[in-house]
Every structure is written in C-alpha cells, then in structure tokens.
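Q: Handing over input31.csv, CSV, C-alpha atoms.
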```
chain,number,residue,atom,x,y,z
A,1,MET,CA,21.6,9.9,-10.4
A,2,THR,CA,22.0,13.6,-10.9
A,3,GLU,CA,20.2,16.3,-9.0
A,4,LYS,CA,17.9,16.9,-12.0
A,5,GLU,CA,17.0,13.2,-12.2
A,6,TYR,CA,16.3,13.2,-8.5
A,7,ASN,CA,13.9,16.1,-8.9
A,8,GLU,CA,12.2,14.4,-11.7
A,9,CYS,CA,11.7,11.3,-9.4
A,10,VAL,CA,10.1,13.6,-6.8
A,11,THR,CA,7.7,15.0,-9.4
A,12,LEU,CA,6.9,11.6,-10.9
A,13,TYR,CA,6.6,9.3,-7.9
A,14,ALA,CA,5.9,11.4,-4.7
A,15,ASP,CA,2.1,11.1,-5.1
A,16,ASN,CA,2.2,7.4,-5.9
A,17,VAL,CA,4.4,6.6,-3.0
A,18,TYR,CA,2.3,8.7,-0.6
A,19,ARG,CA,-1.0,7.2,-1.9
A,20,PHE,CA,0.4,3.7,-1.4
A,21,ILE,CA,1.5,4.4,2.2
A,22,VAL,CA,-1.5,6.4,3.3
A,23,LYS,CA,-3.9,3.8,2.0
A,24,ASN,CA,-2.1,1.2,4.1
A,25,LEU,CA,-1.5,3.2,7.2
A,26,ARG,CA,-4.7,5.3,7.1
A,27,GLN,CA,-2.7,8.1,8.9
A,28,GLU,CA,-1.7,11.1,6.7
A,29,GLU,CA,0.9,12.6,9.0
A,30,ASP,CA,2.7,9.3,9.4
A,31,ALA,CA,2.5,8.6,5.7
A,32,ARG,CA,4.1,12.0,4.9
A,33,ASP,CA,6.9,11.3,7.3
A,34,ILE,CA,7.6,7.9,5.7
A,35,VAL,CA,7.5,9.3,2.2
A,36,GLN,CA,9.9,12.1,3.2
A,37,THR,CA,12.2,9.5,4.7
A,38,ALA,CA,12.1,7.4,1.6
A,39,PHE,CA,13.1,10.5,-0.6
A,40,GLU,CA,15.8,11.4,1.9
A,41,LYS,CA,17.3,8.0,1.6
A,42,LEU,CA,17.1,8.2,-2.2
A,43,TRP,CA,18.9,11.6,-2.0
A,44,ARG,CA,21.7,10.2,0.3
A,45,ASN,CA,22.1,7.1,-2.0
A,46,ARG,CA,21.6,8.8,-5.3
A,47,SER,CA,25.1,8.0,-6.5
A,48,SER,CA,24.4,4.3,-6.2
A,49,VAL,CA,20.8,4.2,-7.4
A,50,GLU,CA,20.2,3.9,-11.1
A,51,THR,CA,17.6,6.3,-12.4
A,52,GLU,CA,15.6,3.5,-14.1
A,53,LYS,CA,15.3,1.7,-10.7
A,54,SER,CA,14.4,4.8,-8.6
A,55,LYS,CA,10.7,4.0,-8.5
A,56,SER,CA,11.2,0.5,-7.3
A,57,TYR,CA,13.8,1.8,-4.8
A,58,LEU,CA,11.4,4.4,-3.4
A,59,PHE,CA,8.6,1.9,-3.0
A,60,THR,CA,10.9,-0.6,-1.3
A,61,VAL,CA,12.3,1.9,1.1
A,62,ALA,CA,8.8,3.4,1.9
A,63,TYR,CA,7.3,-0.1,2.3
A,64,ASN,CA,10.1,-1.1,4.8
A,65,GLN,CA,9.7,2.2,6.6
A,66,MET,CA,6.0,1.6,6.9
A,67,ILE,CA,6.5,-1.9,8.3
A,68,ASP,CA,9.0,-0.6,10.8
A,69,HIS,CA,6.6,2.1,11.8
A,70,ILE,CA,3.8,-0.4,12.3
A,71,ARG,CA,5.9,-2.7,14.4
A,72,LYS,CA,7.3,0.2,16.4
A,73,HIS,CA,3.8,1.4,17.4
A,74,LYS,CA,2.5,-2.2,17.7
A,75,ARG,CA,-0.1,-1.5,15.0
A,76,VAL,CA,-0.2,-5.0,13.5
A,77,GLN,CA,-4.0,-4.8,13.2
A,78,LEU,CA,-5.4,-1.5,11.9
A,79,LYS,CA,-8.6,-0.3,13.6
A,80,GLU,CA,-11.8,-0.4,11.7
A,81,SER,CA,-12.9,3.1,10.9
A,82,PHE,CA,-16.5,2.3,10.1
A,83,GLY,CA,-19.2,1.2,12.5
A,84,GLU,CA,-22.0,-1.3,11.8
A,85,GLU,CA,-24.3,1.5,10.7
A,86,THR,CA,-21.9,2.8,8.2
A,87,ARG,CA,-21.3,-0.7,6.8
A,88,VAL,CA,-25.0,-1.2,6.1
A,89,GLN,CA,-25.3,2.3,4.5
A,90,ALA,CA,-22.3,1.7,2.3
A,91,ALA,CA,-23.8,-1.5,1.0
A,92,HIS,CA,-26.9,0.4,-0.1
A,93,THR,CA,-25.5,3.5,-1.8
A,94,GLY,CA,-23.4,3.5,-4.9
A,95,SER,CA,-21.4,6.5,-3.8
A,96,ASP,CA,-20.3,4.7,-0.7
A,97,LEU,CA,-18.9,1.7,-2.7
A,98,LYS,CA,-15.4,3.1,-2.1
A,99,LYS,CA,-15.9,3.0,1.7
A,100,THR,CA,-17.0,-0.6,1.5
A,101,LEU,CA,-14.0,-1.5,-0.5
A,102,MET,CA,-11.7,0.3,1.9
A,103,GLU,CA,-13.4,-1.5,4.8
A,104,ALA,CA,-12.7,-4.8,3.0
A,105,LEU,CA,-9.1,-3.9,2.4
A,106,ASN,CA,-8.7,-2.9,6.1
A,107,ARG,CA,-9.7,-6.5,7.0
A,108,LEU,CA,-6.6,-7.8,5.4
A,109,ASN,CA,-3.3,-8.1,7.2
A,110,GLU,CA,-0.5,-5.6,6.4
A,111,THR,CA,1.2,-8.0,3.9
A,112,GLN,CA,-2.0,-8.9,2.1
A,113,ARG,CA,-3.1,-5.2,1.9
A,114,SER,CA,0.3,-4.2,0.5
A,115,LEU,CA,0.2,-6.9,-2.1
A,116,VAL,CA,-3.2,-6.0,-3.3
A,117,MET,CA,-2.3,-2.3,-3.5
A,118,LEU,CA,1.0,-2.9,-5.3
A,119,LYS,CA,-0.5,-5.3,-7.8
A,120,ASP,CA,-4.0,-4.0,-8.5
A,121,TYR,CA,-3.6,-0.3,-7.7
A,122,GLU,CA,0.0,0.5,-8.7
A,123,GLY,CA,0.3,-2.1,-11.4
A,124,TYR,CA,3.6,-3.9,-10.4
A,125,ASN,CA,4.3,-7.4,-11.7
A,126,TYR,CA,4.9,-10.3,-9.4
A,127,GLU,CA,8.7,-10.1,-9.6
A,128,GLU,CA,8.8,-6.4,-8.8
A,129,ILE,CA,6.4,-6.9,-5.8
A,130,GLY,CA,8.6,-9.7,-4.6
A,131,GLN,CA,11.7,-7.4,-4.7
A,132,ILE,CA,9.8,-4.6,-2.9
A,133,MET,CA,8.4,-6.8,-0.2
A,134,GLY,CA,11.3,-9.3,0.2
A,135,LEU,CA,9.2,-12.3,-1.0
A,136,ASN,CA,9.8,-14.7,-3.8
A,137,GLU,CA,7.4,-14.8,-6.8
A,138,SER,CA,5.6,-17.9,-5.6
A,139,GLN,CA,4.9,-16.3,-2.2
A,140,VAL,CA,3.6,-13.2,-3.9
A,141,LYS,CA,1.2,-15.2,-6.0
A,142,VAL,CA,0.0,-17.3,-3.0
A,143,TYR,CA,-0.4,-14.4,-0.6
A,144,LEU,CA,-2.1,-12.3,-3.3
A,145,HIS,CA,-4.5,-15.2,-4.1
A,146,ARG,CA,-5.4,-15.6,-0.4
A,147,ALA,CA,-6.0,-11.8,0.0
A,148,ARG,CA,-8.3,-11.7,-3.0
A,149,LEU,CA,-10.3,-14.7,-1.7
A,150,THR,CA,-10.7,-12.8,1.6
A,151,LEU,CA,-11.8,-9.7,-0.2
A,152,ARG,CA,-14.2,-11.6,-2.4
A,153,ASP,CA,-15.7,-13.4,0.6
A,154,TYR,CA,-16.2,-10.1,2.4
A,155,LEU,CA,-17.6,-8.2,-0.6
A,156,VAL,CA,-20.1,-10.9,-1.6
A,157,SER,CA,-21.4,-11.5,1.9
A,158,PRO,CA,-25.2,-11.0,2.2
A,159,GLU,CA,-24.9,-7.7,4.0
A,160,HIS,CA,-22.9,-6.2,1.1
A,161,ILE,CA,-25.0,-7.4,-1.8
A,162,ARG,CA,-27.7,-5.1,-3.0
```
In structure tokens, what does this structure look like?
A:
Amino acid sequence: MTEKEYNECVTLYADNVYRFIVKNLRQEEDARDIVQTAFEKLWRNRSSVETEKSKSYLFTVAYNQMIDHIRKHKRVQLKESFGEETRVQAAHTGSDLKKTLMEALNRLNETQRSLVMLKDYEGYNYEEIGQIMGLNESQVKVYLHRARLTLRDYLVSPEHIR
C-alpha cells in the first residue's frame, strides 16, 4: 500500500470506523483513540496490507482494540443512558424512535451489538463479519439471530408499542 492509497483509506473509511466504534462504546473520546490506533497500525503495516483488504483490516483492528479497551476498563456491560421517564417518552414520540432503538441496542452484549452493527448498519456479509470478529460463519448467524430476537422482544414489548 502506497502513501496515497493509505490517505485514500483514511478519507474513505475513517467516518465508518469511528461510527461503528462510538455506537458500541458510547464514548466519543475513547472511540477517537481506538480509531487513531487502528489507522496507526494500518500505517505501520501498510507494506503487508493489500489495498483491497484495508477496510476489513481497519474494522478488525478497531474491533479488537475496542474489546481490549472494554476488558481493560471492566466495561462488559454498558450503562443504560436513559431513565424510565425517557423510555416512556421515546415510545410516544416519533422523533425519539432513534433513542428507543439505541436503548434496545444497549441491552445487547458487546458481541451481539457488534454483530448487528456490522451486518445491518455497515452491510458486511457473514463471512466478513466472522473474519473481523474471529468467529466462524455459523456462529455469526446464530449470535446474530439471537441478538435480533432480543431486539424484537424489547421493541415489541407493551411499553414501546404506540
């Protein structure tokens, strides 16, 4: 990978990687650090990373950095950011639908949340997700199915139906 190709990767993928990490961590400063570390590793390893695989490489490194960060700070379960009052309000206003969805995503464990984000938000296929997260394709499908069931059960619960 040349310096020009590296710069193109920064332009093309920095926002996507940051968005993926910040939606999982919910901490902007930590997410910026993780993204910076991922691009630093890409820079140091640019001679061995094929340009076509740079996006997958970046997401893999960022995901692993995020997991290390969570484990280091003992943040296996993320804190809910919305109280009971906000949850009820979010169920009643269309503009707060995004908050309800984020609350539902926050109920998932880190693996499930990452799977949903990679598949449904970033558009990766099962094989790519497996490579990024170190899972086989069957595990990705099973874990993703369970995550979606959890999301469905939460979103269709009586307090969230209009």
Q: Give the answer as one residue: which of A:Asp96, A:Met102, A:Thr51, A:Glu110 has the shortest atom-to-atom distance to His69 in chain A, using only C-alpha atoms?
A: A:Glu110
Q: If you count only C-alpha atoms, which residues fall within 12 Å of range 14-21 of chain A, apart from same-chain ones fewer than 6 positions away, as a VMD selection string?
A: chain A and resid 6 to 8 27 to 40 42 54 to 67 69 to 70 110 113 to 123
Q: With distances taken over all atoms listed in the file, which of A:Leu25, A:Val10, A:Ile132, A:Leu151 is nearest to Thr100 in chain A?
A: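 Selected residue with least distance to Thr100 in chain A: A:Leu151.
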Q: Residues near Tyr126 in chain A, anyone? I mean within 6 Å using all atoms listed in the file, not counting same-chain ones fewer than 2 positions away, as a PyMOL selection string.
A: chain A and resi 128-129+137
Q: Considering all atoms listed in the file, can you say which of A:Lys53, A:Lys41, A:Arg152, A:Arg46 comes closest to Ala104 in chain A?
A: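 Distance minimum relative to Ala104 in chain A lands on A:Arg152.
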Q: Nearest residue to Gln139 in chain A out of A:Ser157, A:Gln112, A:Thr2, A:Ser47, using all atoms listed in the file?
A: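 Ranked by minimum distance to Gln139 in chain A, first place goes to A:Gln112.
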Q: Between CA of Gln131 in chain A and CA of Asn106 in chain A, what is the spacing in Å?
A: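 Taking CA of Asn106 in chain A as the start and CA of Gln131 in chain A as the end point, the length is 23.5 Å.
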Q: With all atoms listed in the file as the atoms that count, which of A:Tyr13, A:Val140, A:Arg107, A:Glu3 lies nearest to Trp43 in chain A?
A: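 Using all atoms listed in the file, Trp43 in chain A sits closest to A:Glu3.
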Q: How many Å separate CA of Leu108 in chain A from CA of Ala147 in chain A?
A: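 Computing it gives 6.7 Å between the two atoms.
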Q: Considering only C-alpha atoms, state which residue in the set A:Asn109, A:Asn45, A:Asn125, A:Thr150 is at the smallest distance from Met1 in chain A.
A: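 Among the listed residues, the smallest separation from Met1 in chain A belongs to A:Asn45.
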Q: Please, what distance in Å, to one decimal, runs between CA of Thr11 in chain A and CA of Leu105 in chain A?
A: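 Computing the Euclidean distance for CA of Thr11 in chain A and CA of Leu105 in chain A yields 27.9 Å.
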Q: Using the incomplete input, complete range 40-52 of chain A to the level of N, CA and C atoms; output as a PDB file, keeping the file's coordinate frame.
A:
```pdb
ATOM      1  N   GLU A  40      14.494  11.068   1.278  1.00  0.00           N
ATOM      2  CA  GLU A  40      15.800  11.400   1.900  1.00  0.00           C
ATOM      3  C   GLU A  40      16.809  10.334   1.676  1.00  0.00           C
ATOM      4  N   LYS A  41      16.385   9.081   1.835  1.00  0.00           N
ATOM      5  CA  LYS A  41      17.300   8.000   1.600  1.00  0.00           C
ATOM      6  C   LYS A  41      17.735   7.900   0.130  1.00  0.00           C
ATOM      7  N   LEU A  42      16.781   8.170  -0.765  1.00  0.00           N
ATOM      8  CA  LEU A  42      17.100   8.200  -2.200  1.00  0.00           C
ATOM      9  C   LEU A  42      18.163   9.299  -2.443  1.00  0.00           C
ATOM     10  N   TRP A  43      17.981  10.456  -1.836  1.00  0.00           N
ATOM     11  CA  TRP A  43      18.900  11.600  -2.000  1.00  0.00           C
ATOM     12  C   TRP A  43      20.312  11.165  -1.521  1.00  0.00           C
ATOM     13  N   ARG A  44      20.362  10.567  -0.310  1.00  0.00           N
ATOM     14  CA  ARG A  44      21.700  10.200   0.300  1.00  0.00           C
ATOM     15  C   ARG A  44      22.341   9.096  -0.557  1.00  0.00           C
ATOM     16  N   ASN A  45      21.566   8.238  -1.196  1.00  0.00           N
ATOM     17  CA  ASN A  45      22.100   7.100  -2.000  1.00  0.00           C
ATOM     18  C   ASN A  45      22.038   7.321  -3.464  1.00  0.00           C
ATOM     19  N   ARG A  46      21.811   8.541  -3.903  1.00  0.00           N
ATOM     20  CA  ARG A  46      21.600   8.800  -5.300  1.00  0.00           C
ATOM     21  C   ARG A  46      22.761   8.372  -6.205  1.00  0.00           C
ATOM     22  N   SER A  47      23.948   8.387  -5.658  1.00  0.00           N
ATOM     23  CA  SER A  47      25.100   8.000  -6.500  1.00  0.00           C
ATOM     24  C   SER A  47      25.110   6.502  -6.781  1.00  0.00           C
ATOM     25  N   SER A  48      24.435   5.701  -5.965  1.00  0.00           N
ATOM     26  CA  SER A  48      24.400   4.300  -6.200  1.00  0.00           C
ATOM     27  C   SER A  48      23.094   3.732  -6.742  1.00  0.00           C
ATOM     28  N   VAL A  49      22.094   4.610  -6.892  1.00  0.00           N
ATOM     29  CA  VAL A  49      20.800   4.200  -7.400  1.00  0.00           C
ATOM     30  C   VAL A  49      20.669   4.590  -8.860  1.00  0.00           C
ATOM     31  N   GLU A  50      20.368   3.600  -9.706  1.00  0.00           N
ATOM     32  CA  GLU A  50      20.200   3.900 -11.100  1.00  0.00           C
ATOM     33  C   GLU A  50      18.824   4.586 -11.308  1.00  0.00           C
ATOM     34  N   THR A  51      18.780   5.550 -12.171  1.00  0.00           N
ATOM     35  CA  THR A  51      17.600   6.300 -12.400  1.00  0.00           C
ATOM     36  C   THR A  51      16.400   5.421 -12.795  1.00  0.00           C
ATOM     37  N   GLU A  52      16.661   4.411 -13.611  1.00  0.00           N
ATOM     38  CA  GLU A  52      15.600   3.500 -14.100  1.00  0.00           C
ATOM     39  C   GLU A  52      15.004   2.702 -12.925  1.00  0.00           C
TER      40      GLU A  52
END
```
